[in-house]
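**Q** What follows is entry36.cif, mmCIF, C-alpha atoms.
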data_protein
loop_
_atom_site.label_atom_id
_atom_site.label_comp_id
_atom_site.auth_asym_id
_atom_site.auth_seq_id
_atom_site.Cartn_x
_atom_site.Cartn_y
_atom_site.Cartn_z
CA GLU G 116 12.51 13.83 -7.92
CA ALA G 117 10.92 14.47 -4.54
CA GLY G 118 8.76 11.70 -3.15
CA VAL G 119 5.35 11.77 -1.55
CA ALA G 120 5.37 13.96 1.56
CA GLN G 121 3.11 13.45 4.57
CA SER G 122 2.68 15.23 7.86
CA PRO G 123 2.57 14.82 10.75
CA ARG G 124 4.52 11.56 11.12
CA TYR G 125 2.97 10.73 14.48
CA LYS G 126 -0.16 11.84 16.28
CA ILE G 127 -1.70 10.86 19.60
CA ILE G 128 -5.23 12.02 20.38
CA GLU G 129 -8.04 11.09 22.72
CA LYS G 130 -11.22 9.50 21.42
CA ARG G 131 -13.84 11.94 20.19
CA GLN G 132 -11.16 14.47 19.25
CA SER G 133 -10.53 15.47 15.65
CA VAL G 134 -7.34 15.10 13.60
CA ALA G 135 -6.15 16.03 10.12
CA PHE G 136 -3.41 14.61 7.93
CA TRP G 137 -1.74 16.28 4.98
CA CYS G 138 -0.27 14.80 1.81
CA ASN G 139 1.71 16.33 -1.03
CA PRO G 140 2.04 13.92 -3.98
CA ILE G 141 4.82 13.66 -6.52
CA SER G 142 4.67 16.58 -8.93
CA GLY G 143 2.55 15.81 -11.98
CA HIS G 144 0.81 12.78 -10.49
CA ALA G 145 -2.89 12.97 -11.27
CA THR G 146 -4.02 10.15 -8.98
CA LEU G 147 -3.83 10.33 -5.20
CA TYR G 148 -4.75 7.60 -2.72
CA TRP G 149 -5.32 7.47 1.03
CA TYR G 150 -4.93 4.09 2.72
CA GLN G 151 -5.50 2.89 6.27
CA GLN G 152 -3.17 0.18 7.53
CA ILE G 153 -4.08 -1.48 10.82
CA LEU G 154 -1.26 -3.32 12.58
CA GLY G 155 -0.65 -6.73 11.03
CA GLN G 156 -2.84 -6.07 8.00
CA GLY G 157 -2.29 -4.88 4.46
CA PRO G 158 -3.27 -1.33 3.49
CA LYS G 159 -6.96 -0.71 2.78
CA LEU G 160 -7.94 2.00 0.31
CA LEU G 161 -10.04 4.74 1.90
CA ILE G 162 -10.34 7.16 -0.99
CA GLN G 163 -8.91 7.67 -4.46
CA PHE G 164 -8.77 11.02 -6.29
CA GLN G 165 -8.26 11.64 -9.96
CA ASN G 166 -7.17 15.29 -10.11
CA ASN G 167 -9.86 17.06 -8.04
CA GLY G 168 -12.52 14.40 -8.35
CA VAL G 169 -13.26 11.39 -6.16
CA VAL G 170 -12.99 8.09 -8.06
CA ASP G 171 -13.59 5.67 -5.20
CA ASP G 172 -14.60 6.31 -1.61
CA SER G 173 -16.55 3.11 -1.06
CA GLN G 174 -14.56 2.13 2.05
CA LEU G 175 -14.42 5.58 3.63
CA PRO G 176 -16.49 5.82 6.86
CA LYS G 177 -18.23 8.96 5.73
CA ASP G 178 -19.91 9.63 9.06
CA ARG G 179 -16.51 10.51 10.56
CA PHE G 180 -13.92 10.63 7.77
CA SER G 181 -13.63 13.31 5.09
CA ALA G 182 -11.01 14.12 2.48
CA GLU G 183 -10.41 16.77 -0.09
CA ARG G 184 -7.92 17.52 -2.82
CA LEU G 185 -8.12 21.15 -3.72
CA LYS G 186 -6.58 22.27 -7.01
CA GLY G 187 -5.66 18.67 -7.81
CA VAL G 188 -2.42 18.73 -5.81
CA ASP G 189 -2.27 18.54 -1.99
CA SER G 190 -4.81 16.57 -0.04
CA THR G 191 -6.05 16.44 3.53
CA LEU G 192 -7.76 13.58 5.34
CA LYS G 193 -9.78 14.40 8.45
CA ILE G 194 -11.28 12.26 11.18
CA GLN G 195 -13.97 13.77 13.40
CA PRO G 196 -14.67 12.39 15.95
CA ALA G 197 -11.97 9.75 16.32
CA LYS G 198 -12.64 6.28 17.72
CA LEU G 199 -10.24 3.81 19.31
CA GLU G 200 -10.44 1.58 16.22
CA ASP G 201 -9.06 4.41 14.06
CA SER G 202 -5.61 3.75 15.51
CA ALA G 203 -3.58 2.85 12.44
CA VAL G 204 -1.01 4.11 9.98
CA TYR G 205 -2.47 6.38 7.32
CA LEU G 206 -0.61 6.15 4.05
CA CYS G 207 -0.79 8.50 1.11
CA ALA G 208 0.27 7.37 -2.36
CA SER G 209 0.27 8.88 -5.82
CA SER G 210 0.60 7.66 -9.39
CA LEU G 211 0.93 9.32 -12.76
CA ARG G 212 -2.40 7.87 -13.90
CA ARG G 213 -4.87 5.41 -12.39
CA ILE G 214 -3.23 2.16 -13.56
CA TYR G 215 0.37 3.25 -13.20
CA GLU G 216 2.83 2.33 -10.46
CA GLN G 217 2.02 3.78 -7.04
CA TYR G 218 4.55 5.61 -4.87
CA PHE G 219 3.95 5.80 -1.13
CA GLY G 220 4.75 8.41 1.48
CA PRO G 221 6.20 7.57 4.92
CA GLY G 222 2.78 7.45 6.57
CA THR G 223 1.24 9.00 9.69
CA ARG G 224 0.93 6.79 12.75
CA LEU G 225 -2.25 7.67 14.65
CA THR G 226 -2.87 6.48 18.18
CA VAL G 227 -6.31 7.10 19.67
CA THR G 228 -6.46 6.70 23.47
CA LYS K 248 -14.53 -10.27 -5.06
CA GLN K 249 -10.75 -10.27 -5.38
CA GLU K 250 -8.84 -11.66 -2.40
CA VAL K 251 -5.08 -11.73 -1.97
CA THR K 252 -3.30 -14.18 0.33
CA GLN K 253 0.35 -14.30 1.32
CA ILE K 254 1.99 -17.36 2.76
CA PRO K 255 3.84 -17.69 5.04
CA ALA K 256 2.84 -14.87 7.38
CA ALA K 257 6.31 -14.88 8.92
CA LEU K 258 9.64 -16.36 7.95
CA SER K 259 13.01 -16.51 9.67
CA VAL K 260 16.09 -17.65 7.72
CA PRO K 261 19.87 -17.60 8.18
CA GLU K 262 21.88 -15.13 6.14
CA GLY K 263 22.84 -16.32 2.67
CA GLU K 264 19.78 -18.47 2.00
CA ASN K 265 17.71 -18.15 -1.14
CA LEU K 266 14.03 -17.78 -0.32
CA VAL K 267 10.63 -17.61 -1.96
CA LEU K 268 7.64 -15.56 -0.83
CA ASN K 269 4.23 -16.49 -2.17
CA CYS K 270 1.23 -14.40 -3.20
CA SER K 271 -2.04 -15.85 -4.47
CA PHE K 272 -5.12 -14.08 -5.79
CA THR K 273 -8.61 -15.34 -6.57
CA ASP K 274 -9.47 -13.41 -9.77
CA SER K 275 -7.08 -13.58 -12.73
CA ALA K 276 -8.50 -10.43 -14.34
CA ILE K 277 -5.70 -8.08 -13.30
CA TYR K 278 -3.78 -5.22 -14.92
CA ASN K 279 -0.66 -5.75 -12.90
CA LEU K 280 0.81 -7.00 -9.65
CA GLN K 281 3.24 -5.04 -7.51
CA TRP K 282 5.58 -6.21 -4.75
CA PHE K 283 6.41 -3.79 -1.94
CA ARG K 284 8.74 -3.74 1.02
CA GLN K 285 7.75 -2.12 4.32
CA ASP K 286 10.21 -1.44 7.11
CA PRO K 287 8.86 -0.99 10.65
CA GLY K 288 7.22 2.41 11.08
CA LYS K 289 7.81 3.33 7.45
CA GLY K 290 5.81 3.60 4.25
CA LEU K 291 5.88 1.16 1.35
CA THR K 292 8.78 0.94 -1.08
CA SER K 293 8.03 -0.47 -4.53
CA LEU K 294 10.24 -3.42 -5.44
CA LEU K 295 8.86 -4.81 -8.69
CA LEU K 296 5.83 -4.21 -10.90
CA ILE K 297 4.71 -6.98 -13.25
CA GLN K 298 2.23 -6.18 -16.00
CA SER K 299 -0.40 -8.83 -16.75
CA SER K 300 1.30 -9.63 -20.07
CA GLN K 301 4.65 -10.30 -18.41
CA ARG K 302 5.88 -13.50 -16.79
CA GLU K 303 8.61 -12.06 -14.61
CA GLN K 304 10.62 -9.03 -13.57
CA THR K 305 14.10 -8.84 -12.08
CA SER K 306 15.91 -6.23 -10.04
CA GLY K 307 19.27 -7.10 -8.52
CA ARG K 308 18.83 -10.07 -6.19
CA LEU K 309 15.04 -9.96 -6.57
CA ASN K 310 13.00 -11.86 -9.13
CA ALA K 311 9.21 -11.81 -9.26
CA SER K 312 7.16 -14.16 -11.39
CA LEU K 313 3.51 -14.05 -12.35
CA ASP K 314 1.24 -16.92 -13.38
CA LYS K 315 -2.04 -15.16 -13.99
CA SER K 316 -3.99 -18.26 -14.97
CA SER K 317 -3.26 -19.98 -11.67
CA GLY K 318 -3.53 -16.77 -9.64
CA ARG K 319 -0.02 -16.90 -8.25
CA SER K 320 3.07 -14.75 -7.93
CA THR K 321 6.36 -15.49 -6.24
CA LEU K 322 9.10 -13.18 -5.06
CA TYR K 323 12.50 -14.84 -5.08
CA ILE K 324 15.27 -13.30 -2.98
CA ALA K 325 18.76 -14.59 -3.68
CA ALA K 326 21.54 -14.69 -1.10
CA SER K 327 19.49 -13.07 1.65
CA GLN K 328 21.07 -10.45 3.92
CA PRO K 329 20.07 -9.06 7.34
CA GLY K 330 19.16 -5.80 5.55
CA ASP K 331 16.42 -7.69 3.73
CA SER K 332 14.52 -8.03 7.01
CA ALA K 333 11.16 -6.31 6.50
CA THR K 334 7.53 -7.05 5.66
CA TYR K 335 6.89 -7.87 2.02
CA LEU K 336 3.47 -7.05 0.57
CA CYS K 337 1.95 -7.89 -2.77
CA ALA K 338 -0.93 -6.02 -4.36
CA VAL K 339 -3.02 -6.71 -7.46
CA ARG K 340 -4.84 -4.18 -9.59
CA PRO K 341 -8.11 -5.61 -11.01
CA THR K 342 -9.26 -4.73 -14.52
CA SER K 343 -12.77 -3.92 -13.33
CA GLY K 344 -14.24 -1.25 -11.13
CA THR K 345 -11.99 1.63 -10.14
CA TYR K 346 -8.77 -0.38 -10.56
CA LYS K 347 -7.88 0.04 -6.91
CA TYR K 348 -5.10 -2.11 -5.49
CA ILE K 349 -6.04 -5.06 -3.32
CA PHE K 350 -3.27 -5.87 -0.84
CA GLY K 351 -2.28 -9.08 0.88
CA THR K 352 -1.50 -9.10 4.60
CA GLY K 353 2.23 -9.48 4.02
CA THR K 354 5.07 -11.80 4.95
CA ARG K 355 7.35 -10.68 7.82
CA LEU K 356 10.87 -11.72 6.94
CA LYS K 357 13.75 -11.89 9.38
CA VAL K 358 17.22 -12.71 8.09
CA LEU K 359 19.56 -13.78 10.87
CA ALA K 360 23.23 -12.80 10.78
#
Could you render the structure from this file as structure tokens?

**A**
Amino acid sequence: EAGVAQSPRYKIIEKRQSVAFWCNPISGHATLYWYQQILGQGPKLLIQFQNNGVVDDSQLPKDRFSAERLKGVDSTLKIQPAKLEDSAVYLCASSLRRIYEQYFGPGTRLTVT
Amino acid sequence: KQEVTQIPAALSVPEGENLVLNCSFTDSAIYNLQWFRQDPGKGLTSLLLIQSSQREQTSGRLNASLDKSSGRSTLYIAASQPGDSATYLCAVRPTSGTYKYIFGTGTRLKVLA
């Protein structure tokens, strides 16, 4: 069974630029999560999808971050414009249903200069 | 509001030692608790998932226990090896709200050869 795929693995941008991350969850997993992990901290949930719909985006900075999950499969997370404090690892995870075990992708390391 | 704490933040032990990592949480109303391993620059790998009705789970040299009433979980690693060096994270899934995982900040483990 293929795992959660993410791309790119690394990205360096200047502040005020925009960036997009892509995630492909495990086949058949209805729930998809995007997390932000700042160095030395645990992951923080940004947004949770159940199929196409958003279940929780309470910690998503909506003035600059957006995410979508078209057709209930792949998802993209966008930051526009980026700030220095957005430097972090962005992790995508998926689970069969909302309370089932989560499986994580390798993450995208973003550096904003 | 659920808070998750992991102590110690960092740990260095000689190879072969048995060790215990601690995770405490403030609200006992949880569906489950999951232990993860994170290698530098990588995503999270699930180690053990304990449902709220369970007391412990075992996988190889790993044993995780859960005492929901006291808000504590421990991860026991037997006969540690240099390959066990990583950051270990615990996460709890509350029974209320959107069931999103709340992560601790992790314990950085270094096993010396």

**Q** Using only C-alpha atoms, which chain K residues lie at most 6 Å away from chain G, written as a list in words?

**A** Lys289, Gly290, Leu291, Phe350, Gly351 and Thr352 of chain K

**Q** Which neighbours of Arg212 in chain G fall inside 9 Å, counting only C-alpha atoms, when residues of the same chain fewer than 5 positions from it are skipped, and could you give them as a list in words?

**A**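 In the requested form, the answer reads His144, Ala145, Thr146 and Gln165 of chain G.
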
**Q** For range 330-332 of chain K, work out the shell of residues within 7 Å, counting only C-alpha atoms and skipping chain neighbours fewer than 3 positions away, then give it as JSON, numbers by chain.

**A** {"K": [327, 356, 357, 358]}

**Q** Got time to write the residues from that selection, C-alpha atoms, as a compact mmCIF listing (two decimals), in the frame of the given file?

**A**
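The file below, result-v9.txt, is the result:
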# COMPACT_ATOMS: atom_id res chain seq x y z
CA SER K 327 19.49 -13.07 1.65
CA LEU K 356 10.87 -11.72 6.94
CA LYS K 357 13.75 -11.89 9.38
CA VAL K 358 17.22 -12.71 8.09

**Q** In terms of the shortest atom-to-atom distance over only C-alpha atoms, which of G:Asp189, G:Asp172, G:Glu183, G:Asp201 is closest to Ser133 in chain G?

**A** G:Asp201

**Q** May I have the residues within 9 Å of Ala182 in chain G as a PyMOL selection string, using only C-alpha atoms and disregarding those fewer than 3 positions away in the same chain?

**A** chain G and resi 149+162+190-194

**Q** Find, counting all atoms listed in the file, the residue in K:Ala256, K:Arg319, K:Pro261, K:Arg340 that gets nearest to Leu296 in chain K.

**A**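 Between K:Ala256, K:Arg319, K:Pro261, K:Arg340, the residue approaching Leu296 in chain K most closely is K:Arg340.
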
**Q** What is the CA of Arg131 in chain G to CA of Ser181 in chain G distance in Å?

**A**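 Between CA of Arg131 in chain G and CA of Ser181 in chain G the gap is 15.2 Å.
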
**Q** With all atoms listed in the file as the counted atoms, please give the residues lying no more than 7 Å from Gly318 in chain K, apart from itself and same-chain residues fewer than 4 positions off, as a ChimeraX atom specification.

**A** /K:271-275,314

**Q** Nearest residue to Lys130 in chain G out of G:Ala197, G:Ser173, G:Ser210, G:Ile153, using all atoms listed in the file?

**A**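 Of all the options, G:Ala197 lies closest to Lys130 in chain G.
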
**Q** Between G:Val188, G:Ile128, G:Ser202, G:Leu161, which has the minimum distance to Pro176 in chain G (counting only C-alpha atoms)?

**A** G:Leu161

**Q** As JSON, please: the centre and edge lengths in Å, to one decimal, of an axis-aligned box enclosing every listed atom of range 347-352 of chain K with 3 Å added on each side.

**A**
{"center_x": -4.7, "center_y": -4.5, "center_z": -1.2, "size_x": 12.4, "size_y": 15.1, "size_z": 17.5}

**Q** Please report the interatomic distance between CA of Arg284 in chain K and CA of Leu225 in chain G in Å with one decimal.

**A**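 Here the two named atoms are 20.9 Å from each other.
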
**Q** One decimal, in Å: what's the spacing between CA of Tyr335 in chain K and CA of Gln285 in chain K?

**A**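 Result for CA of Tyr335 in chain K versus CA of Gln285 in chain K: 6.3 Å, one decimal.
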
**Q** Which is closer to Gly118 in chain G than all the others in G:Leu147, G:Pro140, G:Thr226, G:Gly187, using all atoms listed in the file?

**A**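 Among the listed residues, the smallest separation from Gly118 in chain G belongs to G:Pro140.
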
**Q** Once the PyMOL selection byres ((chain K and resi 304) around 12) has been applied to the shown file, what residues remain in the selection, as a PyMOL selection string?

**A** chain K and resi 279-282+294-303+305-313+320-323

**Q** Restricting the calculation to all atoms listed in the file: of G:Gln132, G:Asn167, G:Ala203, G:Gly143, which residue gets closest to Arg179 in chain G?

**A**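 Smallest separation from Arg179 in chain G among the options: G:Gln132.
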